[in-house]
Structure formats: structure tokens, C-alpha cells
>>> print(open('protein_37.pdb').read())   # PDB, C-alpha atoms, pLDDT in the B column
ATOM      1  CA  MET S 918       0.000   0.000   0.000  1.00 73.00           C
ATOM      2  CA  GLU S 919       1.336   3.445  -0.941  1.00 82.00           C
ATOM      3  CA  TYR S 920       1.230   6.274   1.582  1.00 82.00           C
ATOM      4  CA  THR S 921       2.993   9.513   2.405  1.00 85.00           C
ATOM      5  CA  ARG S 922       6.207   8.883   4.283  1.00 88.00           C
ATOM      6  CA  LEU S 923       7.030  11.375   7.010  1.00 89.00           C
ATOM      7  CA  THR S 924      10.650  11.426   5.841  1.00 90.00           C
ATOM      8  CA  ASP S 925       9.482  12.811   2.480  1.00 90.00           C
ATOM      9  CA  THR S 926       7.918  15.902   4.046  1.00 88.00           C
ATOM     10  CA  VAL S 927      10.245  18.885   3.865  1.00 92.00           C
ATOM     11  CA  ASN S 928      11.529  20.212   7.186  1.00 91.00           C
ATOM     12  CA  ALA S 929      11.033  24.005   7.109  1.00 89.00           C
ATOM     13  CA  GLN S 930      14.284  24.469   9.054  1.00 91.00           C
ATOM     14  CA  GLU S 931      16.202  23.109   6.062  1.00 90.00           C
ATOM     15  CA  GLY S 932      15.478  26.255   4.034  1.00 91.00           C
ATOM     16  CA  ARG S 933      17.753  29.153   3.245  1.00 94.00           C
ATOM     17  CA  ALA S 934      17.629  32.370   1.264  1.00 96.00           C
ATOM     18  CA  TYR S 935      19.947  34.714  -0.594  1.00 95.00           C
ATOM     19  CA  ILE S 936      19.478  38.428  -1.194  1.00 95.00           C
ATOM     20  CA  THR S 937      20.740  40.519  -4.097  1.00 93.00           C
ATOM     21  CA  LYS S 938      20.908  44.253  -3.453  1.00 89.00           C
ATOM     22  CA  ASN S 939      23.075  46.794  -5.293  1.00 85.00           C
ATOM     23  CA  GLY S 940      24.340  43.970  -7.496  1.00 88.00           C
ATOM     24  CA  LYS S 941      25.784  42.136  -4.482  1.00 90.00           C
ATOM     25  CA  ASN S 942      24.545  38.640  -3.659  1.00 92.00           C
ATOM     26  CA  ARG S 943      24.851  37.200  -0.145  1.00 94.00           C
ATOM     27  CA  ARG S 944      23.244  34.596   2.056  1.00 93.00           C
ATOM     28  CA  LEU S 945      20.427  36.061   4.129  1.00 92.00           C
ATOM     29  CA  PHE S 946      22.085  34.675   7.276  1.00 89.00           C
ATOM     30  CA  GLU S 947      19.948  36.761   9.639  1.00 92.00           C
ATOM     31  CA  LEU S 948      16.718  35.235   8.330  1.00 92.00           C
ATOM     32  CA  SER S 949      14.489  33.538  10.898  1.00 94.00           C
ATOM     33  CA  LYS S 950      11.306  33.046   8.882  1.00 96.00           C
ATOM     34  CA  LEU S 951      10.098  33.816   5.346  1.00 97.00           C
ATOM     35  CA  SER S 952       6.888  33.088   3.473  1.00 97.00           C
ATOM     36  CA  ALA S 953       5.623  34.282   0.096  1.00 98.00           C
ATOM     37  CA  ASN S 954       2.298  33.745  -1.649  1.00 98.00           C
ATOM     38  CA  VAL S 955       0.648  34.457  -4.971  1.00 98.00           C
ATOM     39  CA  GLU S 956      -2.861  35.859  -4.672  1.00 97.00           C
ATOM     40  CA  ILE S 957      -5.112  35.554  -7.719  1.00 98.00           C
ATOM     41  CA  LYS S 958      -7.126  38.764  -8.002  1.00 98.00           C
ATOM     42  CA  THR S 959     -10.666  38.291  -9.254  1.00 98.00           C
ATOM     43  CA  LYS S 960     -13.754  40.200 -10.334  1.00 98.00           C
ATOM     44  CA  THR S 961     -17.112  38.744  -9.309  1.00 98.00           C
ATOM     45  CA  LYS S 962     -20.377  39.619 -11.052  1.00 97.00           C
ATOM     46  CA  GLN S 963     -23.804  38.183 -11.653  1.00 97.00           C
ATOM     47  CA  MET S 964     -24.549  38.517 -15.361  1.00 96.00           C
ATOM     48  CA  LEU S 965     -27.981  39.375 -16.758  1.00 97.00           C
ATOM     49  CA  GLY S 966     -30.122  36.307 -17.297  1.00 96.00           C
ATOM     50  CA  ASN S 967     -28.067  34.174 -14.924  1.00 96.00           C
ATOM     51  CA  ARG S 968     -28.774  33.589 -11.233  1.00 96.00           C
ATOM     52  CA  VAL S 969     -25.276  32.371 -10.488  1.00 97.00           C
ATOM     53  CA  GLU S 970     -22.498  34.797  -9.657  1.00 97.00           C
ATOM     54  CA  GLN S 971     -19.403  34.270 -11.829  1.00 97.00           C
ATOM     55  CA  THR S 972     -15.756  34.924 -11.101  1.00 98.00           C
ATOM     56  CA  LYS S 973     -13.112  36.086 -13.569  1.00 98.00           C
ATOM     57  CA  PRO S 974      -9.372  36.148 -12.788  1.00 98.00           C
ATOM     58  CA  THR S 975      -8.016  39.667 -13.390  1.00 98.00           C
ATOM     59  CA  GLY S 976      -4.430  39.553 -12.177  1.00 98.00           C
ATOM     60  CA  MET S 977      -2.003  38.454  -9.516  1.00 98.00           C
ATOM     61  CA  LYS S 978      -0.361  39.923  -6.449  1.00 98.00           C
ATOM     62  CA  ILE S 979       2.782  38.529  -4.813  1.00 98.00           C
ATOM     63  CA  THR S 980       3.031  39.187  -1.086  1.00 98.00           C
ATOM     64  CA  GLY S 981       5.071  37.840   1.757  1.00 98.00           C
ATOM     65  CA  SER S 982       6.516  38.375   5.179  1.00 98.00           C
ATOM     66  CA  LEU S 983       9.842  37.829   6.813  1.00 96.00           C
ATOM     67  CA  THR S 984      11.296  37.829  10.280  1.00 95.00           C
ATOM     68  CA  ALA S 985      14.990  38.566  10.640  1.00 94.00           C
ATOM     69  CA  TYR S 986      17.405  38.779  13.522  1.00 94.00           C
ATOM     70  CA  LEU S 987      18.495  42.366  14.062  1.00 91.00           C
ATOM     71  CA  MET S 988      22.204  41.821  13.358  1.00 91.00           C
ATOM     72  CA  THR S 989      22.936  43.684  10.120  1.00 90.00           C
ATOM     73  CA  SER S 990      22.548  47.278   8.957  1.00 90.00           C
ATOM     74  CA  ASP S 991      21.561  46.293   5.401  1.00 90.00           C
ATOM     75  CA  PHE S 992      17.858  46.948   5.950  1.00 90.00           C
ATOM     76  CA  ILE S 993      18.533  50.315   7.611  1.00 92.00           C
ATOM     77  CA  ASP S 994      20.772  51.240   4.654  1.00 92.00           C
ATOM     78  CA  TYR S 995      17.891  50.244   2.321  1.00 91.00           C
ATOM     79  CA  ALA S 996      15.576  52.743   4.061  1.00 94.00           C
ATOM     80  CA  LYS S 997      18.257  55.439   4.369  1.00 95.00           C
ATOM     81  CA  SER S 998      19.082  55.248   0.666  1.00 94.00           C
ATOM     82  CA  TYR S 999      15.420  55.756  -0.219  1.00 95.00           C
ATOM     83  CA  LYS S1000      15.150  58.665   2.249  1.00 96.00           C
ATOM     84  CA  GLU S1001      18.133  60.419   0.682  1.00 97.00           C
ATOM     85  CA  THR S1002      17.590  59.683  -3.028  1.00 97.00           C
ATOM     86  CA  GLY S1003      13.881  58.970  -3.428  1.00 97.00           C
ATOM     87  CA  VAL S1004      14.858  55.807  -5.319  1.00 95.00           C
ATOM     88  CA  LEU S1005      14.173  52.409  -3.792  1.00 92.00           C
ATOM     89  CA  GLU S1006      16.904  49.931  -4.678  1.00 89.00           C
ATOM     90  CA  PRO S1007      15.524  46.735  -6.245  1.00 88.00           C
ATOM     91  CA  ILE S1008      15.917  43.613  -4.127  1.00 95.00           C
ATOM     92  CA  THR S1009      15.872  40.007  -5.298  1.00 97.00           C
ATOM     93  CA  ILE S1010      15.421  37.129  -2.856  1.00 97.00           C
ATOM     94  CA  GLN S1011      16.221  33.561  -3.864  1.00 97.00           C
ATOM     95  CA  THR S1012      14.767  30.875  -1.599  1.00 96.00           C
ATOM     96  CA  VAL S1013      15.851  27.247  -1.362  1.00 96.00           C
ATOM     97  CA  MET S1014      13.919  24.453   0.361  1.00 94.00           C
ATOM     98  CA  GLU S1015      15.870  21.198   0.434  1.00 93.00           C
ATOM     99  CA  ASP S1016      15.685  18.464   3.066  1.00 92.00           C
ATOM    100  CA  PRO S1017      18.359  15.767   2.661  1.00 91.00           C
ATOM    101  CA  GLN S1018      16.037  13.145   4.221  1.00 90.00           C
ATOM    102  CA  SER S1019      13.295  13.723   1.648  1.00 91.00           C
ATOM    103  CA  THR S1020      13.183  12.186  -1.823  1.00 91.00           C
ATOM    104  CA  VAL S1021      11.264  15.161  -3.278  1.00 93.00           C
ATOM    105  CA  GLY S1022      14.440  17.093  -4.034  1.00 89.00           C
ATOM    106  CA  ARG S1023      14.787  20.835  -4.045  1.00 94.00           C
ATOM    107  CA  SER S1024      12.557  23.849  -4.667  1.00 95.00           C
ATOM    108  CA  GLU S1025      14.100  27.210  -5.578  1.00 97.00           C
ATOM    109  CA  ILE S1026      11.983  30.320  -6.032  1.00 98.00           C
ATOM    110  CA  LEU S1027      13.332  33.693  -7.150  1.00 98.00           C
ATOM    111  CA  LEU S1028      11.354  36.708  -5.909  1.00 98.00           C
ATOM    112  CA  LYS S1029      12.061  39.777  -8.057  1.00 98.00           C
ATOM    113  CA  ASP S1030      11.618  43.500  -7.387  1.00 97.00           C
ATOM    114  CA  VAL S1031      10.932  42.955  -3.690  1.00 97.00           C
ATOM    115  CA  VAL S1032       9.742  46.020  -1.758  1.00 96.00           C
ATOM    116  CA  LEU S1033       9.999  45.772   2.026  1.00 96.00           C
ATOM    117  CA  SER S1034       7.289  47.636   3.925  1.00 95.00           C
ATOM    118  CA  LYS S1035       9.555  48.489   6.863  1.00 93.00           C
ATOM    119  CA  ALA S1036      13.078  48.270   8.230  1.00 92.00           C
ATOM    120  CA  ALA S1037      13.867  48.153  11.945  1.00 90.00           C
ATOM    121  CA  LEU S1038      16.093  50.880  13.307  1.00 92.00           C
ATOM    122  CA  VAL S1039      16.354  49.471  16.838  1.00 91.00           C
ATOM    123  CA  ASN S1040      14.694  46.838  19.040  1.00 90.00           C
ATOM    124  CA  ILE S1041      15.545  46.999  22.755  1.00 91.00           C
ATOM    125  CA  ASP S1042      13.413  45.061  25.260  1.00 90.00           C
ATOM    126  CA  ASP S1043      14.330  44.246  28.872  1.00 92.00           C
ATOM    127  CA  SER S1044      11.378  41.859  29.280  1.00 94.00           C
ATOM    128  CA  THR S1045      12.925  39.062  27.211  1.00 91.00           C
ATOM    129  CA  ASP S1046      16.187  37.260  26.743  1.00 93.00           C
ATOM    130  CA  ASP S1047      15.285  36.343  23.153  1.00 92.00           C
ATOM    131  CA  ALA S1048      17.366  37.594  20.249  1.00 92.00           C
ATOM    132  CA  ALA S1049      16.298  40.949  18.806  1.00 92.00           C
ATOM    133  CA  THR S1050      14.209  40.484  15.652  1.00 92.00           C
ATOM    134  CA  PHE S1051      12.034  42.506  13.340  1.00 93.00           C
ATOM    135  CA  ASP S1052       9.091  41.586  11.143  1.00 95.00           C
ATOM    136  CA  THR S1053       8.207  43.099   7.799  1.00 96.00           C
ATOM    137  CA  ASP S1054       5.745  42.417   5.047  1.00 97.00           C
ATOM    138  CA  PHE S1055       6.795  42.742   1.424  1.00 97.00           C
ATOM    139  CA  THR S1056       5.524  42.669  -2.121  1.00 98.00           C
ATOM    140  CA  ALA S1057       7.303  41.306  -5.173  1.00 98.00           C
ATOM    141  CA  GLY S1058       6.941  42.349  -8.794  1.00 98.00           C
ATOM    142  CA  ASP S1059       7.532  38.888 -10.243  1.00 98.00           C
ATOM    143  CA  PHE S1060       8.757  35.385  -9.460  1.00 98.00           C
ATOM    144  CA  GLU S1061      10.546  32.553 -11.222  1.00 98.00           C
ATOM    145  CA  ILE S1062      10.678  28.862 -10.411  1.00 98.00           C
ATOM    146  CA  LEU S1063      14.349  27.853 -10.678  1.00 98.00           C
ATOM    147  CA  SER S1064      13.822  24.254  -9.554  1.00 97.00           C
ATOM    148  CA  ARG S1065      10.792  22.306  -8.384  1.00 96.00           C
ATOM    149  CA  PHE S1066      10.019  19.417  -6.101  1.00 94.00           C
ATOM    150  CA  VAL S1067       9.513  16.012  -7.731  1.00 92.00           C
ATOM    151  CA  GLU S1068       7.127  13.227  -6.768  1.00 90.00           C
ATOM    152  CA  PRO S1069       8.351  11.243  -3.745  1.00 89.00           C
ATOM    153  CA  GLU S1070       9.842   7.821  -4.323  1.00 84.00           C
ATOM    154  CA  VAL S1071       7.426   4.938  -3.814  1.00 79.00           C
ATOM    155  CA  ARG S1072       8.804   2.390  -1.348  1.00 72.00           C
TER     156      ARG S1072
END
>>> encode(input="protein_37.pdb", output="C-alpha cells")
Amino acid sequence: MEYTRLTDTVNAQEGRAYITKNGKNRRLFELSKLSANVEIKTKTKQMLGNRVEQTKPTGMKITGSLTAYLMTSDFIDYAKSYKETGVLEPITIQTVMEDPQSTVGRSEILLKDVVLSKAALVNIDDSTDDAATFDTDFTAGDFEILSRFVEPEVR
């Protein structure tokens, strides 16, 4: 009997990401959490002579969120550059999900023209001994699939 093997699920901790900003590519080592989604935008209307409401796809929106440890000035520099020049530097984020225990392989997604909604300047809190982090939402102008998961091996 075939079934889903737990070892073929992908452990979310096995992911990593890379950021390209100002033509420089580096591992996003401060990343704690990242998610991105494609939302299909639709128009809904009930047409004359029909009692059923219909839905038509009209576009897409790419959104996401990330949590990062506050241990680099890159995001502050991103905001400062925009403040001083009025030009927001384009950011590209490449994500990799790959669990060596799984037989489904690797998924790589490239998020293009990423716009972060905020950048943390400081985060001081005497009520916790957790690492300082910041959360931000983002939008992306496009995405590419660089590699995709495959079907798990049947055993």
C-alpha cells in the first residue's frame, strides 16, 4: 500500500535564502522566517439572465513576510538610501527548500523586485532574553521557479 512517508515531508528548518541588493549577492544569514504567496485577483459579477455569480481572474499579487534577527545594517541602509535619493533599490530574494532526508528534491523560487514595507532601526526590550528580531511584510513584482520538487519515491 502506498502512503505519504514522514521522511518525504520537507523540514522548514532546512530552508535558506539569498538576497541581491546593489548587485551584491549574499546569504540572508539573519533570516528567521520567510513566506511568500501568490494571490489571484478576481472580479465577481452576476450577469444578466443568470442567477449564479461568476468569477473572472483579473491579475495576480505577490506578497510575503519575513522575520529577521536584528544583526545587520543592510535593511537600515535600504531605508536610508530611499530617504536620501527617493529611489528604492531593487531587491531580489532567492529561496531554497531542500531536506536531505526527503526524496522530493529541491525547490528554488526567485522573488524579483521585492519592496519591504519596513526596516527596523532598533529593538531593545528588557522583558525578554530572546534575540532581537524585526518583522516586515513585502511585495514582489515577479517570481521565477528555478527548480521544483519532484514526486516522492514509492517504497
>>> resolve_selection(input="protein_37.pdb", expression="the PyMOL selection byres ((chain S and resi 995) around 10)", output="list in words")
Lys938, Asn939, Ser990, Asp991, Phe992, Ile993, Asp994, Ala996, Lys997, Ser998, Tyr999, Lys1000, Val1004, Leu1005, Glu1006, Pro1007, Ile1008, Leu1033, Lys1035 and Ala1036 of chain S
>>> residues_near_point(input="protein_37.pdb", point="(14.0, 18.8, -6.8)", cutoff="8 Å", atoms="all atoms listed in the file", output="list in words")
Glu1015, Val1021, Gly1022, Arg1023, Ser1024, Ser1064, Arg1065, Phe1066 and Val1067 of chain S
>>> atom_distance(input="protein_37.pdb", atom1="atom CA of S:Phe1051", atom2="atom CA of S:Asn942")
21.5 Å
>>> closest_residue(input="protein_37.pdb", among="S:Asp1030, S:Glu1001, S:Asp1046, S:Asp1052", to="S:Leu987", atoms="all atoms listed in the file")
S:Asp1052
>>> axis_aligned_box(input="protein_37.pdb", around="stretch 942-946 of chain S", padding_each_side="8 Å", output="lines of an AutoDock Vina configuration file")
center_x = 22.6
center_y = 36.6
center_z = 1.8
size_x = 20.4
size_y = 20.0
size_z = 26.9
>>> atom_distance(input="protein_37.pdb", atom1="atom CA of S:Leu1028", atom2="atom CA of S:Asp1016")
20.8 Å
>>> residues_around(input="protein_37.pdb", residues="stretch 922-935 of chain S", least_positions_apart="5", cutoff="7 Å", atoms="only C-alpha atoms", output="list in words")
Asn942, Arg943, Arg944, Leu945, Ile1010, Gln1011, Thr1012, Val1013, Met1014, Glu1015, Asp1016, Gln1018, Ser1019, Thr1020, Val1021 and Pro1069 of chain S
>>> resolve_selection(input="protein_37.pdb", expression="the PyMOL selection byres ((chain S and resi 1049) around 9)", output="VMD selection string")
chain S and resid 985 to 988 1039 to 1042 1046 to 1048 1050 to 1051
>>> write_last_selection(input="protein_37.pdb", atoms="C-alpha atoms", output="PDB file, in the frame of the given file")
ATOM      1  CA  ALA S 985      14.990  38.566  10.640  1.00 94.00           C
ATOM      2  CA  TYR S 986      17.405  38.779  13.522  1.00 94.00           C
ATOM      3  CA  LEU S 987      18.495  42.366  14.062  1.00 91.00           C
ATOM      4  CA  MET S 988      22.204  41.821  13.358  1.00 91.00           C
ATOM      5  CA  VAL S1039      16.354  49.471  16.838  1.00 91.00           C
ATOM      6  CA  ASN S1040      14.694  46.838  19.040  1.00 90.00           C
ATOM      7  CA  ILE S1041      15.545  46.999  22.755  1.00 91.00           C
ATOM      8  CA  ASP S1042      13.413  45.061  25.260  1.00 90.00           C
ATOM      9  CA  ASP S1046      16.187  37.260  26.743  1.00 93.00           C
ATOM     10  CA  ASP S1047      15.285  36.343  23.153  1.00 92.00           C
ATOM     11  CA  ALA S1048      17.366  37.594  20.249  1.00 92.00           C
ATOM     12  CA  THR S1050      14.209  40.484  15.652  1.00 92.00           C
ATOM     13  CA  PHE S1051      12.034  42.506  13.340  1.00 93.00           C
TER      14      PHE S1051
END
>>> residues_near_point(input="protein_37.pdb", point="(4.3, 37.6, 0.8)", cutoff="9 Å", atoms="only C-alpha atoms", output="JSON, numbers by chain")
{"S": [951, 952, 953, 954, 955, 978, 979, 980, 981, 982, 983, 1054, 1055, 1056, 1057]}
>>> atom_distance(input="protein_37.pdb", atom1="atom CA of S:Thr1053", atom2="atom CA of S:Lys960")
28.6 Å
>>> closest_residue(input="protein_37.pdb", among="S:Val1071, S:Glu970, S:Leu1038, S:Lys958", to="S:Tyr920", atoms="only C-alpha atoms")
S:Val1071
>>> closest_residue(input="protein_37.pdb", among="S:Gly1003, S:Gln963, S:Thr1009, S:Thr984", to="S:Lys941", atoms="only C-alpha atoms")
S:Thr1009
